[in-house]
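To keep things clear, I will list the structure first and then write my remarks on it.
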Number of protein chains: 2
Amino acid sequence: MLYNNDMDMFVALADPTRRNILELLASRGELPATAIYEQFPVVSPQAVSQHLKVLREAHLVEMEKRAQKRLYRLNPQKLSEFETWVQQTKQRWEERFNALDQVLEREKQKGDQTSDVSK
Amino acid sequence: MLYNNDMDMFVALADPTRRNILELLASRGELPATAIYEQFPVVSPQAVSQHLKVLREAHLVEMEKRAQKRLYRLNPQKLSEFETWVQQTKQRWEERFNALDQVLEREKQKGDQTSDVSK
DNA sequence: ATTTTATTAAAGACTTGACTTAATTAAGAT
DNA sequence: ATCTTAATTAAGTCAAGTCTTTAATAAAAT
């Protein structure tokens, strides 16, 4: 019986340290947890480990065990989901905006004809 | 003297109700606050109002006063900022991945030559 | 002027999130 | 076997976020 352990990707992205981890993995490719800890001297290894857990549960990163080490890497597929959401939302607005724009254009022309410019 | 009242856009997107509001505005174009309240019968108008404040401070929506009404609409420019972040992060990873892939390809060929297939 | 409509603000309760310290797991080296 | 290395888990604290109830504001209608 598998429980829903999944983490919302939007929530996972809300934390700046977690985004920094993702950016680190994006530019360095694949790193063991220790290498990630080293990049965040301000944050304790335990705190980073907890962030990695959230990123794992959100499927934004993948983890591979090699001996005692845990190798982490980005999962760009999950980022694509985010990209899709943004693109669709933006696109729908732009369609609406263009439609509205045409209405306003017609209104304006009517206005020009009646010289109703004061308000 | 302008205070930093700004809200992190990633944090603003983390809440599902706020994303629903954005999606509503994306498909309906421009709505007065009341029309938004009506779409969320489960959430109180006050709660929705607080979400709208967060979206405003994150510059994800724009607000225009018309008499007692407040008209809300999406700001697609701000959405583009996310899109950019995602695309850049993804792209850097894919470059890294391709580079790594080539290394593995070479490793594999070496492996084939020495017949070291067992592990 | 007062009432209604539309919306927000303020204050408090409750929940969730991030970090800390201490303990635990598990593989590898000695 | 035990020590070391790599990393996580558990438990507790404190801050931040969300929702509720109760005002407050401000324009429009009466």
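Following the order of the structure tokens, first chain is A, next is B, and so on, with residues numbered from 1 inside each chain and ligands from 1 in the order they appear.
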Discussion item. List the spatial neighbours of stretch 83-97 of chain A as a PyMOL selection string - criterion: any atom at most 10 Å away, only C-alpha atoms (C1' of nucleotides), same-chain residues fewer than 3 positions off excluded.
Written reply: (chain A and resi 77-80+100-103) or (chain B and resi 19+22-30+73-87+90)
Atoms to include: C-alpha atoms. Write the selected residues as a CSV table (one decimal), in the first residue's frame.
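New file selection29.csv:
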```csv
chain,number,residue,atom,x,y,z
A,77,GLN,CA,11.1,16.6,-17.0
A,78,LYS,CA,9.5,17.9,-13.8
A,79,LEU,CA,10.7,21.4,-14.6
A,80,SER,CA,9.0,21.0,-17.9
A,100,LEU,CA,-10.6,42.5,-25.2
A,101,ASP,CA,-8.3,44.7,-27.2
A,102,GLN,CA,-10.5,44.3,-30.2
A,103,VAL,CA,-13.6,45.3,-28.2
B,19,ARG,CA,-2.9,29.5,-8.7
B,22,LEU,CA,-4.4,33.2,-11.7
B,23,GLU,CA,-6.0,30.5,-13.9
B,24,LEU,CA,-9.4,32.1,-13.5
B,25,LEU,CA,-8.0,35.5,-14.5
B,26,ALA,CA,-6.1,33.8,-17.4
B,27,SER,CA,-9.3,32.4,-18.9
B,28,ARG,CA,-11.7,35.2,-18.0
B,29,GLY,CA,-9.4,38.2,-18.7
B,30,GLU,CA,-10.4,40.8,-16.1
B,73,ARG,CA,-6.2,41.1,-14.3
B,74,LEU,CA,-3.1,38.9,-14.9
B,75,ASN,CA,0.3,40.4,-15.5
B,76,PRO,CA,1.8,38.0,-18.0
B,77,GLN,CA,5.2,39.8,-17.9
B,78,LYS,CA,5.8,38.4,-14.4
B,79,LEU,CA,4.9,34.9,-15.5
B,80,SER,CA,7.6,35.3,-18.2
B,81,GLU,CA,10.1,35.7,-15.4
B,82,PHE,CA,9.4,32.2,-14.1
B,83,GLU,CA,9.4,30.8,-17.6
B,84,THR,CA,12.9,32.3,-18.0
B,85,TRP,CA,14.1,30.8,-14.8
B,86,VAL,CA,12.8,27.4,-15.6
B,87,GLN,CA,14.2,27.5,-19.2
B,90,LYS,CA,16.7,23.2,-17.6
```
Discussion item. If we count only C-alpha atoms (C1' of nucleotides) and set the cut-off at 10 Å, which residues sit around D:DA27, ignoring sequence neighbours fewer than 5 positions away in its own chain? Please answer as a list of chain:residue names.
Written reply: B:Arg66, B:Ala67, B:Gln68, B:Lys69, C:DT5, C:DA6
Requested write-out: C-alpha atoms (C1' of nucleotides) of the selected residues, as a PDB file, in the first residue's frame:
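Final output, saved to part24.pdb:
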```pdb
ATOM      1  CA  ARG B  66     -13.385  51.645 -10.769  1.00  0.00           C
ATOM      2  CA  ALA B  67     -15.881  53.202  -8.323  1.00  0.00           C
ATOM      3  CA  GLN B  68     -16.165  50.775  -5.376  1.00  0.00           C
ATOM      4  CA  LYS B  69     -15.026  47.955  -7.573  1.00  0.00           C
TER       5      LYS B  69
ATOM      6  C1'  DT C   5     -22.465  47.598  -1.927  1.00  0.00           C
ATOM      7  C1'  DA C   6     -17.694  46.268  -2.606  1.00  0.00           C
TER       8       DA C   6
END
```
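The list of residues with at least one atom within 12 Å of A:Pro16, based on only C-alpha atoms (C1' of nucleotides) and without residues fewer than 3 positions apart in the same chain, reads A:Val11, A:Ala12, A:Leu13, A:Arg19, A:Asn20, A:Ile21, A:Leu22, A:Glu23, A:Phe40, A:Val43, A:Val48, A:His51, B:Asp8, B:Met9, B:Phe10, B:Val11, C:DA18.
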Residues of the last selection are to be written out with N, CA and C atoms (P, O5', C5', C4', C3', O3' and C1' of nucleotides), as a PDB file, in the first residue's frame.
```pdb
ATOM      1  N   VAL A  11       5.328  24.206  -4.156  1.00  0.00           N
ATOM      2  CA  VAL A  11       5.777  24.418  -2.773  1.00  0.00           C
ATOM      3  C   VAL A  11       7.282  24.188  -2.682  1.00  0.00           C
ATOM      4  N   ALA A  12       7.749  23.141  -3.358  1.00  0.00           N
ATOM      5  CA  ALA A  12       9.176  22.825  -3.334  1.00  0.00           C
ATOM      6  C   ALA A  12      10.010  23.968  -3.905  1.00  0.00           C
ATOM      7  N   LEU A  13       9.491  24.636  -4.907  1.00  0.00           N
ATOM      8  CA  LEU A  13      10.220  25.732  -5.556  1.00  0.00           C
ATOM      9  C   LEU A  13      10.165  27.035  -4.771  1.00  0.00           C
ATOM     10  N   ARG A  19      15.847  26.266  -4.452  1.00  0.00           N
ATOM     11  CA  ARG A  19      16.109  26.722  -5.824  1.00  0.00           C
ATOM     12  C   ARG A  19      17.609  26.795  -6.072  1.00  0.00           C
ATOM     13  N   ASN A  20      18.362  27.235  -5.064  1.00  0.00           N
ATOM     14  CA  ASN A  20      19.820  27.272  -5.201  1.00  0.00           C
ATOM     15  C   ASN A  20      20.391  25.878  -5.425  1.00  0.00           C
ATOM     16  N   ILE A  21      19.840  24.895  -4.738  1.00  0.00           N
ATOM     17  CA  ILE A  21      20.292  23.510  -4.925  1.00  0.00           C
ATOM     18  C   ILE A  21      20.017  23.074  -6.365  1.00  0.00           C
ATOM     19  N   LEU A  22      18.835  23.400  -6.856  1.00  0.00           N
ATOM     20  CA  LEU A  22      18.478  23.026  -8.230  1.00  0.00           C
ATOM     21  C   LEU A  22      19.417  23.698  -9.230  1.00  0.00           C
ATOM     22  N   GLU A  23      19.726  24.968  -8.978  1.00  0.00           N
ATOM     23  CA  GLU A  23      20.633  25.692  -9.879  1.00  0.00           C
ATOM     24  C   GLU A  23      22.034  25.093  -9.841  1.00  0.00           C
ATOM     25  N   PHE A  40      26.766  25.210   0.678  1.00  0.00           N
ATOM     26  CA  PHE A  40      25.910  26.020   1.547  1.00  0.00           C
ATOM     27  C   PHE A  40      26.460  26.043   2.965  1.00  0.00           C
ATOM     28  N   VAL A  43      24.035  26.944   5.819  1.00  0.00           N
ATOM     29  CA  VAL A  43      22.997  25.984   6.191  1.00  0.00           C
ATOM     30  C   VAL A  43      23.653  24.680   6.660  1.00  0.00           C
ATOM     31  N   VAL A  48      20.110  20.933   4.747  1.00  0.00           N
ATOM     32  CA  VAL A  48      20.199  20.665   3.309  1.00  0.00           C
ATOM     33  C   VAL A  48      19.595  19.298   2.994  1.00  0.00           C
ATOM     34  N   HIS A  51      16.008  19.567   2.775  1.00  0.00           N
ATOM     35  CA  HIS A  51      15.609  20.206   1.510  1.00  0.00           C
ATOM     36  C   HIS A  51      15.683  19.199   0.360  1.00  0.00           C
TER      37      HIS A  51
ATOM     38  N   ASP B   8       7.813  37.459  -2.935  1.00  0.00           N
ATOM     39  CA  ASP B   8       8.493  36.519  -3.807  1.00  0.00           C
ATOM     40  C   ASP B   8       7.472  35.817  -4.704  1.00  0.00           C
ATOM     41  N   MET B   9       7.714  35.850  -6.003  1.00  0.00           N
ATOM     42  CA  MET B   9       6.742  35.263  -6.938  1.00  0.00           C
ATOM     43  C   MET B   9       6.643  33.748  -6.771  1.00  0.00           C
ATOM     44  N   PHE B  10       7.726  33.118  -6.404  1.00  0.00           N
ATOM     45  CA  PHE B  10       7.702  31.669  -6.198  1.00  0.00           C
ATOM     46  C   PHE B  10       6.834  31.310  -4.989  1.00  0.00           C
ATOM     47  N   VAL B  11       6.966  32.103  -3.942  1.00  0.00           N
ATOM     48  CA  VAL B  11       6.140  31.901  -2.746  1.00  0.00           C
ATOM     49  C   VAL B  11       4.671  32.134  -3.096  1.00  0.00           C
TER      50      VAL B  11
ATOM     51  P    DA C  18      10.064  25.213   4.055  1.00  0.00           P
ATOM     52  O5'  DA C  18      10.955  25.640   5.300  1.00  0.00           O
ATOM     53  C5'  DA C  18      11.238  27.011   5.531  1.00  0.00           C
ATOM     54  C4'  DA C  18      12.305  27.128   6.609  1.00  0.00           C
ATOM     55  C3'  DA C  18      13.578  26.337   6.311  1.00  0.00           C
ATOM     56  O3'  DA C  18      14.686  27.147   6.652  1.00  0.00           O
ATOM     57  C1'  DA C  18      12.660  25.621   8.366  1.00  0.00           C
TER      58       DA C  18
END
```
Dump as JSON lines the rows for residues of chain B within 8 Å of chain C: closest atom pair and distance in Å with one decimal, only C-alpha atoms (C1' of nucleotides) counted, ordered by chain and rising residue number.
```
{"residue": "B:Ala33", "atom": "CA", "partner": "C:DT7", "partner_atom": "C1'", "distance": 7.6}
{"residue": "B:Thr34", "atom": "CA", "partner": "C:DA6", "partner_atom": "C1'", "distance": 7.4}
{"residue": "B:Gln46", "atom": "CA", "partner": "C:DT8", "partner_atom": "C1'", "distance": 7.9}
{"residue": "B:Ser49", "atom": "CA", "partner": "C:DT8", "partner_atom": "C1'", "distance": 7.2}
{"residue": "B:Gln68", "atom": "CA", "partner": "C:DA6", "partner_atom": "C1'", "distance": 5.5}
{"residue": "B:Lys69", "atom": "CA", "partner": "C:DA6", "partner_atom": "C1'", "distance": 5.9}
{"residue": "B:Arg70", "atom": "CA", "partner": "C:DT7", "partner_atom": "C1'", "distance": 7.7}
```
Serialized selection, C-alpha atoms, as a CSV table (one decimal), in the first residue's frame:
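Result saved to result-v9.csv:
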```
chain,number,residue,atom,x,y,z
B,33,ALA,CA,-13.1,41.0,-6.7
B,34,THR,CA,-16.7,39.9,-6.2
B,46,GLN,CA,-11.7,37.9,3.2
B,49,SER,CA,-8.8,39.2,-0.6
B,68,GLN,CA,-16.2,50.8,-5.4
B,69,LYS,CA,-15.0,48.0,-7.6
B,70,ARG,CA,-11.5,46.6,-7.9
```
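Compared by their closest atoms to chain D, and using only C-alpha atoms (C1' of nucleotides), the residues B:Leu31, B:Ile36, B:Ala99, B:Ala14 rank with B:Ala14 nearest.
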Fill in: Within 9 Å of A:Arg56 using only C-alpha atoms (C1' of nucleotides), minus same-chain residues under 6 positions, as a PyMOL selection string
chain A and resi 6-7+62-63
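Computed from the coordinates, the atom CA of A:Asp15 to atom CA of A:Val54 distance equals 10.3 Å.
Any residue of chain D with an atom no more than 12 Å from chain B counts as a contact; using only C-alpha atoms (C1' of nucleotides), that gives DA16, DG17, DT18, DC19, DT20, DT21, DT22, DT25, DA26, DA27 and DA28 of chain D.
Across the structure, atom CA of B:Tyr37 and atom CA of B:Leu52 are spaced 10.4 Å apart.
Checking A:Leu60, A:Val42, A:Ala35, A:Leu55 one by one against chain B, counting only C-alpha atoms, you find the shortest gap at A:Leu60.
DSSP secondary structure from the backbone places Glu30, Leu31, Pro32, Val61, Glu62, Met63, Glu64, Lys65, Arg66, Lys69, Arg70, Leu71, Tyr72, Arg73 and Leu74 of chain B of stretch 5-95 of chain B in strand (DSSP E or B).
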File dump, residues just selected, N, CA and C atoms, as a PDB file, in the first residue's frame:
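The resulting file, out-v4.pdb, is shown below:
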```
ATOM      1  N   GLU B  30     -10.423  39.720 -17.074  1.00  0.00           N
ATOM      2  CA  GLU B  30     -10.405  40.816 -16.093  1.00  0.00           C
ATOM      3  C   GLU B  30     -11.677  40.710 -15.278  1.00  0.00           C
ATOM      4  N   LEU B  31     -11.533  40.702 -13.947  1.00  0.00           N
ATOM      5  CA  LEU B  31     -12.702  40.474 -13.099  1.00  0.00           C
ATOM      6  C   LEU B  31     -12.666  41.354 -11.862  1.00  0.00           C
ATOM      7  N   PRO B  32     -13.840  41.838 -11.420  1.00  0.00           N
ATOM      8  CA  PRO B  32     -13.914  42.517 -10.128  1.00  0.00           C
ATOM      9  C   PRO B  32     -13.789  41.492  -9.012  1.00  0.00           C
ATOM     10  N   VAL B  61      -0.523  40.008 -10.536  1.00  0.00           N
ATOM     11  CA  VAL B  61      -1.769  40.605 -11.019  1.00  0.00           C
ATOM     12  C   VAL B  61      -1.693  42.116 -10.872  1.00  0.00           C
ATOM     13  N   GLU B  62      -2.505  42.787 -11.687  1.00  0.00           N
ATOM     14  CA  GLU B  62      -2.639  44.237 -11.585  1.00  0.00           C
ATOM     15  C   GLU B  62      -4.052  44.556 -11.158  1.00  0.00           C
ATOM     16  N   MET B  63      -4.209  45.690 -10.460  1.00  0.00           N
ATOM     17  CA  MET B  63      -5.522  46.060  -9.945  1.00  0.00           C
ATOM     18  C   MET B  63      -5.845  47.477 -10.391  1.00  0.00           C
ATOM     19  N   GLU B  64      -7.105  47.662 -10.769  1.00  0.00           N
ATOM     20  CA  GLU B  64      -7.552  48.985 -11.206  1.00  0.00           C
ATOM     21  C   GLU B  64      -8.824  49.330 -10.452  1.00  0.00           C
ATOM     22  N   LYS B  65      -8.865  50.517  -9.883  1.00  0.00           N
ATOM     23  CA  LYS B  65     -10.054  50.948  -9.148  1.00  0.00           C
ATOM     24  C   LYS B  65     -11.073  51.524 -10.122  1.00  0.00           C
ATOM     25  N   ARG B  66     -12.297  51.026 -10.013  1.00  0.00           N
ATOM     26  CA  ARG B  66     -13.385  51.645 -10.769  1.00  0.00           C
ATOM     27  C   ARG B  66     -14.578  51.748  -9.823  1.00  0.00           C
ATOM     28  N   LYS B  69     -15.555  49.232  -7.093  1.00  0.00           N
ATOM     29  CA  LYS B  69     -15.026  47.955  -7.573  1.00  0.00           C
ATOM     30  C   LYS B  69     -13.506  47.980  -7.742  1.00  0.00           C
ATOM     31  N   ARG B  70     -12.949  46.777  -7.632  1.00  0.00           N
ATOM     32  CA  ARG B  70     -11.518  46.591  -7.919  1.00  0.00           C
ATOM     33  C   ARG B  70     -11.415  45.565  -9.020  1.00  0.00           C
ATOM     34  N   LEU B  71     -10.906  46.004 -10.148  1.00  0.00           N
ATOM     35  CA  LEU B  71     -10.767  45.092 -11.280  1.00  0.00           C
ATOM     36  C   LEU B  71      -9.384  44.453 -11.265  1.00  0.00           C
ATOM     37  N   TYR B  72      -9.371  43.144 -11.330  1.00  0.00           N
ATOM     38  CA  TYR B  72      -8.096  42.419 -11.325  1.00  0.00           C
ATOM     39  C   TYR B  72      -7.833  41.789 -12.681  1.00  0.00           C
ATOM     40  N   ARG B  73      -6.557  41.822 -13.069  1.00  0.00           N
ATOM     41  CA  ARG B  73      -6.156  41.121 -14.289  1.00  0.00           C
ATOM     42  C   ARG B  73      -4.736  40.586 -14.122  1.00  0.00           C
ATOM     43  N   LEU B  74      -4.448  39.567 -14.896  1.00  0.00           N
ATOM     44  CA  LEU B  74      -3.136  38.908 -14.856  1.00  0.00           C
ATOM     45  C   LEU B  74      -2.059  39.820 -15.432  1.00  0.00           C
TER      46      LEU B  74
END
```
